[in-house]
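What follows is the content of my_file35.pdb (PDB, C-alpha atoms).
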```
ATOM      1  CA  MET A   1      41.726  -9.657  31.538
ATOM      2  CA  ALA A   2      40.472  -8.493  28.209
ATOM      3  CA  PHE A   3      36.769  -8.532  28.715
ATOM      4  CA  GLN A   4      35.131  -7.387  25.568
ATOM      5  CA  LEU A   5      31.468  -6.503  25.625
ATOM      6  CA  THR A   6      29.979  -7.138  22.240
ATOM      7  CA  TRP A   7      26.409  -6.570  23.386
ATOM      8  CA  PRO A   8      26.180  -2.844  22.762
ATOM      9  CA  ARG A   9      27.432  -3.207  19.239
ATOM     10  CA  GLU A  10      24.903  -5.941  18.544
ATOM     11  CA  LEU A  11      22.168  -3.775  19.963
ATOM     12  CA  ASN A  12      23.234  -0.864  17.795
ATOM     13  CA  ARG A  13      23.133  -3.094  14.767
ATOM     14  CA  LEU A  14      19.657  -4.248  15.740
ATOM     15  CA  GLN A  15      18.558  -0.635  16.109
ATOM     16  CA  THR A  16      19.962   0.198  12.676
ATOM     17  CA  GLU A  17      18.195  -2.734  11.098
ATOM     18  CA  LEU A  18      14.928  -1.837  12.766
ATOM     19  CA  ASP A  19      15.325   1.737  11.593
ATOM     20  CA  GLN A  20      15.845   0.555   8.059
ATOM     21  CA  LEU A  21      12.852  -1.725   8.318
ATOM     22  CA  PHE A  22      10.593   1.058   9.501
ATOM     23  CA  GLY A  23      11.954   3.727   7.266
ATOM     24  CA  ARG A  24      13.642   5.961   9.769
ATOM     25  CA  GLY A  25      17.253   5.221   9.048
ATOM     26  CA  ASN A  26      17.550   7.880   6.380
ATOM     27  CA  GLY A  27      19.877  10.154   8.250
ATOM     28  CA  SER A  28      17.283  12.363   9.913
ATOM     29  CA  SER A  29      18.293  12.607  13.542
ATOM     30  CA  SER A  30      14.896  13.841  14.711
ATOM     31  CA  ARG A  31      12.839  10.690  14.772
ATOM     32  CA  PRO A  32       9.233  11.516  14.019
ATOM     33  CA  GLN A  33       6.991  10.305  16.791
ATOM     34  CA  ALA A  34       4.018  12.603  16.567
ATOM     35  CA  TYR A  35       1.330  12.246  13.954
ATOM     36  CA  PRO A  36       1.099  13.789  11.497
ATOM     37  CA  ALA A  37       4.732  14.274  10.591
ATOM     38  CA  ILE A  38       5.294  17.773   9.278
ATOM     39  CA  ASN A  39       7.851  19.626   7.261
ATOM     40  CA  LEU A  40       8.342  23.264   8.109
ATOM     41  CA  LEU A  41       9.556  25.628   5.416
ATOM     42  CA  GLU A  42       9.853  29.349   4.910
ATOM     43  CA  ASP A  43      10.573  32.107   2.478
ATOM     44  CA  ASP A  44      10.813  35.833   3.148
ATOM     45  CA  ASP A  45       7.063  36.368   3.412
ATOM     46  CA  ASN A  46       5.548  33.127   4.691
ATOM     47  CA  LEU A  47       6.000  30.070   6.832
ATOM     48  CA  TYR A  48       4.744  26.825   5.309
ATOM     49  CA  VAL A  49       3.680  23.743   7.233
ATOM     50  CA  GLU A  50       3.376  20.718   4.989
ATOM     51  CA  SER A  51       2.055  17.291   5.893
ATOM     52  CA  GLU A  52       1.183  14.109   4.031
ATOM     53  CA  ILE A  53      -2.288  13.053   5.174
ATOM     54  CA  PRO A  54      -3.918  11.287   2.237
ATOM     55  CA  GLY A  55      -7.584  10.381   2.052
ATOM     56  CA  MET A  56      -9.043  13.495   3.665
ATOM     57  CA  GLU A  57     -11.023  16.411   2.309
ATOM     58  CA  LEU A  58      -9.803  19.973   2.830
ATOM     59  CA  ASP A  59     -12.819  20.962   4.924
ATOM     60  CA  GLU A  60     -12.223  18.026   7.293
ATOM     61  CA  PHE A  61      -9.069  19.627   8.656
ATOM     62  CA  GLU A  62      -9.400  21.779  11.739
ATOM     63  CA  LEU A  63      -6.697  24.414  11.903
ATOM     64  CA  PHE A  64      -6.162  26.913  14.691
ATOM     65  CA  VAL A  65      -3.549  29.594  15.208
ATOM     66  CA  ASN A  66      -3.520  31.033  18.707
ATOM     67  CA  ALA A  67      -2.082  34.214  20.159
ATOM     68  CA  GLU A  68       0.976  32.343  21.407
ATOM     69  CA  ASN A  69       1.957  31.675  17.818
ATOM     70  CA  GLN A  70       1.092  27.997  17.907
ATOM     71  CA  LEU A  71      -0.575  26.126  15.103
ATOM     72  CA  THR A  72      -2.938  23.281  15.922
ATOM     73  CA  LEU A  73      -3.735  20.734  13.237
ATOM     74  CA  GLN A  74      -6.608  18.351  13.919
ATOM     75  CA  GLY A  75      -8.799  15.951  12.056
ATOM     76  CA  GLU A  76      -9.926  12.403  11.693
ATOM     77  CA  ARG A  77      -8.807   9.905   9.102
ATOM     78  CA  LYS A  78     -11.738   7.649   8.447
ATOM     79  CA  GLN A  79     -11.475   4.100   7.252
ATOM     80  CA  PRO A  80     -13.290   3.463   3.972
ATOM     81  CA  ASN A  81     -16.374   1.235   4.169
ATOM     82  CA  GLY A  82     -16.079   0.918   7.919
ATOM     83  CA  GLY A  83     -13.947  -2.202   8.019
ATOM     84  CA  THR A  84     -16.713  -4.644   7.243
ATOM     85  CA  THR A  85     -14.974  -6.682   4.577
ATOM     86  CA  LYS A  86     -12.336  -9.331   5.108
ATOM     87  CA  ARG A  87      -8.894  -7.760   5.560
ATOM     88  CA  HIS A  88      -5.672  -9.343   4.410
ATOM     89  CA  ARG A  89      -3.330  -6.505   5.164
ATOM     90  CA  GLU A  90      -3.616  -3.423   7.306
ATOM     91  CA  GLU A  91      -0.742  -1.006   7.123
ATOM     92  CA  ARG A  92      -2.503   2.312   7.016
ATOM     93  CA  ALA A  93      -3.426   4.141  10.204
ATOM     94  CA  PHE A  94      -6.780   5.724  10.935
ATOM     95  CA  GLY A  95      -8.336   7.707  13.722
ATOM     96  CA  ARG A  96      -8.365  11.162  15.243
ATOM     97  CA  PHE A  97      -5.182  13.150  15.323
ATOM     98  CA  SER A  98      -4.171  16.407  16.866
ATOM     99  CA  ARG A  99      -0.851  18.126  16.823
ATOM    100  CA  MET A 100       0.354  21.481  18.053
ATOM    101  CA  ILE A 101       3.354  23.119  16.463
ATOM    102  CA  ALA A 102       5.193  26.102  17.904
ATOM    103  CA  LEU A 103       5.955  28.415  15.010
ATOM    104  CA  PRO A 104       9.419  29.950  14.817
ATOM    105  CA  ALA A 105       8.230  33.349  13.576
ATOM    106  CA  LEU A 106       5.321  35.687  14.340
ATOM    107  CA  VAL A 107       2.489  35.007  11.917
ATOM    108  CA  ASP A 108      -0.785  36.639  11.012
ATOM    109  CA  GLY A 109      -3.295  33.965  12.033
ATOM    110  CA  ASP A 110      -6.244  35.615  10.270
ATOM    111  CA  ALA A 111      -4.534  35.530   6.889
ATOM    112  CA  THR A 112      -3.596  31.830   7.102
ATOM    113  CA  THR A 113      -4.580  29.738   4.093
ATOM    114  CA  ALA A 114      -4.352  26.035   3.329
ATOM    115  CA  ASP A 115      -4.526  23.910   0.236
ATOM    116  CA  TYR A 116      -4.751  20.168  -0.161
ATOM    117  CA  VAL A 117      -3.452  18.542  -3.324
ATOM    118  CA  ALA A 118      -3.028  14.781  -3.852
ATOM    119  CA  GLY A 119      -3.133  14.090  -0.137
ATOM    120  CA  VAL A 120      -0.567  16.735   0.816
ATOM    121  CA  LEU A 121      -1.752  19.516   3.086
ATOM    122  CA  LYS A 122       0.121  22.786   2.833
ATOM    123  CA  ILE A 123      -0.629  25.566   5.256
ATOM    124  CA  THR A 124       0.610  29.040   4.358
ATOM    125  CA  LEU A 125       1.150  31.346   7.324
ATOM    126  CA  PRO A 126       2.038  34.931   6.365
ATOM    127  CA  LYS A 127       4.710  36.413   8.581
ATOM    128  CA  LYS A 128       3.933  39.584  10.447
ATOM    129  CA  PRO A 129       5.809  42.597   9.090
ATOM    130  CA  GLU A 130       8.101  42.705  12.107
ATOM    131  CA  ALA A 131       9.134  39.078  11.478
ATOM    132  CA  LYS A 132      10.162  39.612   7.859
ATOM    133  CA  PRO A 133      13.788  40.142   7.022
ATOM    134  CA  ARG A 134      14.629  43.751   6.316
ATOM    135  CA  ARG A 135      17.229  44.952   3.966
ATOM    136  CA  ILE A 136      19.310  47.585   5.598
ATOM    137  CA  GLN A 137      20.459  50.379   3.416
ATOM    138  CA  VAL A 138      24.115  50.967   3.862
ATOM    139  CA  ALA A 139      24.968  54.552   3.274
ATOM    140  CA  ALA A 140      28.395  55.348   2.091
ATOM    141  CA  GLY A 141      29.941  57.555   4.716
TER     142      GLY A 141
ATOM    143  CA  MET B   1      -7.381  14.295  22.051
ATOM    144  CA  ALA B   2      -5.490  11.681  20.088
ATOM    145  CA  GLU B   3      -6.068   8.745  22.390
ATOM    146  CA  ASN B   4      -4.874   5.968  20.116
ATOM    147  CA  THR B   5      -1.985   7.819  18.571
ATOM    148  CA  LEU B   6      -1.164   7.186  14.984
ATOM    149  CA  THR B   7       2.480   6.308  15.012
ATOM    150  CA  GLN B   8       3.186   5.117  11.505
ATOM    151  CA  THR B   9       4.587   8.281  10.093
ATOM    152  CA  ALA B  10       7.070   7.423   7.406
ATOM    153  CA  PRO B  11       6.724   4.786   4.720
ATOM    154  CA  ALA B  12       9.461   2.185   4.643
ATOM    155  CA  ARG B  13      12.336   2.479   2.239
ATOM    156  CA  SER B  14      11.949   0.243  -0.732
ATOM    157  CA  SER B  15      14.658  -2.362  -1.084
ATOM    158  CA  ALA B  16      14.809  -2.084  -4.863
ATOM    159  CA  GLU B  17      17.550   0.141  -6.197
ATOM    160  CA  PRO B  18      16.223   3.257  -7.833
ATOM    161  CA  THR B  19      17.795   4.702 -10.951
ATOM    162  CA  ARG B  20      16.915   8.229  -9.990
ATOM    163  CA  GLN B  21      18.680  10.012  -7.204
ATOM    164  CA  SER B  22      15.525  10.810  -5.247
ATOM    165  CA  PRO B  23      14.619   8.347  -2.480
ATOM    166  CA  LEU B  24      12.207   5.515  -3.198
ATOM    167  CA  PHE B  25       9.556   4.619  -0.643
ATOM    168  CA  GLN B  26       7.227   1.678  -0.196
ATOM    169  CA  PRO B  27       3.709   3.029   0.099
ATOM    170  CA  ARG B  28       1.493   1.611   2.829
ATOM    171  CA  PHE B  29      -1.356  -0.573   1.663
ATOM    172  CA  ASP B  30      -4.526  -2.125   3.013
ATOM    173  CA  ILE B  31      -5.901  -5.131   1.161
ATOM    174  CA  THR B  32      -9.473  -6.279   1.552
ATOM    175  CA  GLU B  33     -11.376  -9.083  -0.045
ATOM    176  CA  SER B  34     -15.032  -9.391  -0.873
ATOM    177  CA  GLU B  35     -16.860 -12.102  -2.762
ATOM    178  CA  ASN B  36     -16.231 -10.506  -6.118
ATOM    179  CA  GLU B  37     -12.904  -8.745  -5.838
ATOM    180  CA  LEU B  38      -9.698  -7.941  -4.031
ATOM    181  CA  THR B  39      -9.377  -4.256  -3.263
ATOM    182  CA  LEU B  40      -6.114  -2.490  -2.509
ATOM    183  CA  TYR B  41      -5.971   0.887  -0.804
ATOM    184  CA  GLY B  42      -2.615   2.627  -0.913
ATOM    185  CA  ASP B  43      -1.372   5.905   0.499
ATOM    186  CA  LEU B  44       0.578   7.728  -2.181
ATOM    187  CA  PRO B  45       0.631  11.352  -1.114
ATOM    188  CA  GLY B  46       1.946  13.828  -3.630
ATOM    189  CA  VAL B  47       1.417  11.601  -6.664
ATOM    190  CA  SER B  48      -0.834  13.004  -9.345
ATOM    191  CA  GLN B  49      -2.864  10.784 -11.635
ATOM    192  CA  ASP B  50      -0.500  11.263 -14.574
ATOM    193  CA  ASP B  51       2.545  10.142 -12.603
ATOM    194  CA  LEU B  52       1.022   6.906 -11.398
ATOM    195  CA  VAL B  53       1.595   3.582 -13.132
ATOM    196  CA  VAL B  54      -0.292   0.404 -12.219
ATOM    197  CA  ARG B  55       0.756  -2.711 -14.136
ATOM    198  CA  TYR B  56      -0.207  -6.344 -13.870
ATOM    199  CA  GLU B  57       1.987  -9.027 -15.383
ATOM    200  CA  ASN B  58       2.840 -12.614 -14.426
ATOM    201  CA  GLU B  59       0.638 -12.420 -11.328
ATOM    202  CA  HIS B  60       2.575  -9.372 -10.156
ATOM    203  CA  LEU B  61       0.840  -6.110  -9.529
ATOM    204  CA  ILE B  62       3.366  -3.290  -9.766
ATOM    205  CA  ILE B  63       2.486   0.139  -8.518
ATOM    206  CA  SER B  64       4.851   3.022  -9.022
ATOM    207  CA  GLY B  65       4.353   6.709  -8.561
ATOM    208  CA  ARG B  66       6.606   9.607  -9.281
ATOM    209  CA  VAL B  67       6.449  12.536  -6.921
ATOM    210  CA  ALA B  68       7.058  15.903  -8.519
ATOM    211  CA  ASP B  69       9.520  18.199  -6.811
ATOM    212  CA  ARG B  70       7.700  20.604  -4.610
ATOM    213  CA  ASN B  71       8.908  23.373  -2.333
ATOM    214  CA  GLN B  72      11.816  24.329  -4.495
ATOM    215  CA  GLY B  73      13.398  27.580  -3.455
ATOM    216  CA  LEU B  74      12.050  27.384   0.068
ATOM    217  CA  GLN B  75      14.221  27.234   3.147
ATOM    218  CA  VAL B  76      13.705  24.046   5.156
ATOM    219  CA  LEU B  77      13.397  24.741   8.887
ATOM    220  CA  ARG B  78      12.355  21.297  10.041
ATOM    221  CA  GLN B  79      12.034  18.033   8.163
ATOM    222  CA  GLU B  80      10.238  15.086   9.714
ATOM    223  CA  TYR B  81       9.601  13.099   6.577
ATOM    224  CA  GLY B  82      11.353  12.620   3.301
ATOM    225  CA  VAL B  83       9.770  13.142  -0.073
ATOM    226  CA  GLY B  84      10.426  10.707  -2.885
ATOM    227  CA  ASP B  85       8.969   8.309  -5.402
ATOM    228  CA  PHE B  86       6.901   5.266  -4.513
ATOM    229  CA  GLN B  87       7.117   1.702  -5.703
ATOM    230  CA  ARG B  88       5.639  -1.544  -4.513
ATOM    231  CA  THR B  89       4.951  -4.955  -5.989
ATOM    232  CA  PHE B  90       2.389  -7.507  -4.876
ATOM    233  CA  THR B  91       2.106 -11.119  -5.894
ATOM    234  CA  ILE B  92      -1.532 -11.870  -6.489
ATOM    235  CA  GLY B  93      -2.213 -15.499  -5.660
ATOM    236  CA  GLU B  94      -5.927 -15.386  -6.303
ATOM    237  CA  ALA B  95      -7.271 -16.043  -9.768
ATOM    238  CA  ILE B  96      -8.269 -12.627 -11.001
ATOM    239  CA  ASP B  97      -9.470 -11.271 -14.290
ATOM    240  CA  PRO B  98      -6.596  -9.114 -15.607
ATOM    241  CA  GLU B  99      -8.780  -7.441 -18.204
ATOM    242  CA  ALA B 100     -11.144  -6.085 -15.572
ATOM    243  CA  ILE B 101      -8.597  -4.451 -13.247
ATOM    244  CA  SER B 102      -9.429  -0.836 -12.559
ATOM    245  CA  ALA B 103      -7.806   1.837 -10.426
ATOM    246  CA  GLU B 104      -8.624   5.297  -9.249
ATOM    247  CA  VAL B 105      -6.814   7.887  -7.157
ATOM    248  CA  HIS B 106      -8.383  10.544  -4.978
ATOM    249  CA  ASN B 107      -6.582  12.881  -2.595
ATOM    250  CA  GLY B 108      -3.489  10.715  -2.505
ATOM    251  CA  VAL B 109      -5.242   7.394  -1.927
ATOM    252  CA  LEU B 110      -4.983   4.849  -4.713
ATOM    253  CA  VAL B 111      -7.730   2.237  -4.924
ATOM    254  CA  VAL B 112      -7.109  -0.786  -7.151
ATOM    255  CA  HIS B 113      -9.969  -3.171  -7.882
ATOM    256  CA  LEU B 114      -8.977  -6.707  -8.846
ATOM    257  CA  PRO B 115     -12.143  -8.562  -9.831
ATOM    258  CA  LYS B 116     -11.934 -12.291  -9.307
ATOM    259  CA  ALA B 117     -12.045 -14.587 -12.272
ATOM    260  CA  GLU B 118     -15.358 -16.348 -12.706
ATOM    261  CA  ALA B 119     -13.792 -19.662 -11.709
ATOM    262  CA  ALA B 120     -12.634 -18.278  -8.363
ATOM    263  CA  LYS B 121     -15.912 -16.745  -7.292
ATOM    264  CA  PRO B 122     -17.896 -18.623  -4.687
ATOM    265  CA  LYS B 123     -20.949 -20.143  -6.238
ATOM    266  CA  ARG B 124     -24.192 -20.777  -4.588
ATOM    267  CA  ILE B 125     -25.544 -24.147  -5.546
ATOM    268  CA  ALA B 126     -29.223 -24.344  -5.997
ATOM    269  CA  VAL B 127     -30.756 -27.113  -3.964
ATOM    270  CA  LYS B 128     -33.669 -28.757  -5.591
ATOM    271  CA  ALA B 129     -36.481 -30.271  -3.695
ATOM    272  CA  VAL B 130     -37.151 -33.770  -4.902
TER     273      VAL B 130
END
```
Any chance you could give the structure as structure tokens?
Amino acid sequence: MAFQLTWPRELNRLQTELDQLFGRGNGSSSRPQAYPAINLLEDDDNLYVESEIPGMELDEFELFVNAENQLTLQGERKQPNGGTTKRHREERAFGRFSRMIALPALVDGDATTADYVAGVLKITLPKKPEAKPRRIQVAAG
Amino acid sequence: MAENTLTQTAPARSSAEPTRQSPLFQPRFDITESENELTLYGDLPGVSQDDLVVRYENEHLIISGRVADRNQGLQVLRQEYGVGDFQRTFTIGEAIDPEAISAEVHNGVLVVHLPKAEAAKPKRIAVKAV
């Protein structure tokens, strides 16, 4: 008896549609669950952690780098004028956040800097000398 | 620490077709109303003041922002969100005064003030003692 189950396919389609609706169906397999979402970048000298957290001030971010090479990013997004007026639409999220990120290279925590431009936080973490790529001189034998 | 976790991480894809190759996102907005105006608060991270266009025509408020390329030449190790332009359109049903619309952006948050037209404002009627 040909017993065809169409349920799973329907469920997959539902998942795809939900993903599209909530903006996650853009091919990235790692679904962001933690807040804030971060992008991690590097060049030869630094690691960069970038995050879109609009509506803060730079000195409201609490950043820690510990000896285990983990970066902690904390803060609180405050709602303007305390939510007293009548609200028609509420799509933005507010509240305290905290996220710990394990860094993939040894960094110098004391030399870490951060800048905050147009709501984008960018943390620059200089790599320790032993973590930087070294060019190996090849001597002709 | 984060007891009520903030889960909304990525803005939704806009359904309108972009002409540029970079992705187009719908920014998240809060809309509040007071006696004198409607106020819109939108998250548009990465958009500078010069790249932001706010237009009002035919009761439509159109907000679009272009995000400049950043992080060129860097190696991406992990990507949890995409970077792209923003666009969103609202239909404003209330009677507002188009001449008096103002907008400002600070640290990636756009605030648009839509003052109500005189006719739409609530009026207090003086009660006379007779």
Note to self: Set the distance at 7 Å and use only C-alpha atoms: which residues neighbour B:Leu40 once local chain neighbours fewer than 3 positions away are removed? I'd like the list as a PyMOL selection string.
What the structure shows: chain B and resi 29-32+111-113
Margin query: Just to confirm, what's the straight-line distance from atom CA of A:Arg96 to atom CA of B:Val83 in Å (one decimal)?
Written below: 23.8 Å
Margin query: Need the shell around stretch 97-100 of chain B: protein/DNA/RNA residues with any atom at most 10 Å away, counting only C-alpha atoms. Skip same-chain ones fewer than 5 positions apart. Format as a PyMOL selection string?
Written below: chain B and resi 37+55-57+59+113-120
Sorted by chain and rising residue number, list the residues of chain A at most 6 Å from chain B (counting all atoms listed in the file), each with its closest atom pair and distance in Å to one decimal, as a tab-separated table.
```
residue	atom	partner	partner_atom	distance
A:Phe22	CA	B:Ala12	CA	5.1
A:Gly23	CA	B:Ala12	CA	3.9
A:Pro32	CA	B:Glu80	CA	5.7
A:Tyr35	CA	B:Leu6	CA	5.7
A:Ala37	CA	B:Glu80	CA	5.6
A:Ile38	CA	B:Glu80	CA	5.6
A:Asn39	CA	B:Gln79	CA	4.6
A:Leu40	CA	B:Arg78	CA	4.9
A:Leu41	CA	B:Val76	CA	4.4
A:Glu42	CA	B:Gln75	CA	5.2
A:Asp43	CA	B:Leu74	CA	5.5
A:Glu52	CA	B:Pro45	CA	5.9
A:Pro54	CA	B:Gly108	CA	4.8
A:Gly55	CA	B:Asn107	CA	5.4
A:Lys86	CA	B:Glu33	CA	5.2
A:Arg87	CA	B:Thr32	CA	4.3
A:His88	CA	B:Ile31	CA	5.3
A:Arg89	CA	B:Ile31	CA	5.0
A:Glu90	CA	B:Asp30	CA	4.6
A:Glu91	CA	B:Arg28	CA	5.5
A:Arg92	CA	B:Arg28	CA	5.8
A:Arg96	CA	B:Ala2	CA	5.7
A:Phe97	CA	B:Ala2	CA	5.0
A:Ser98	CA	B:Ala2	CA	5.9
A:Ala118	CA	B:Asn107	CA	4.2
A:Gly119	CA	B:Gly108	CA	4.1
A:Val120	CA	B:Pro45	CA	5.8
```
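Taking atom CA of B:Phe86 and atom CA of A:Phe94 as the two end points, the separation is 20.6 Å.
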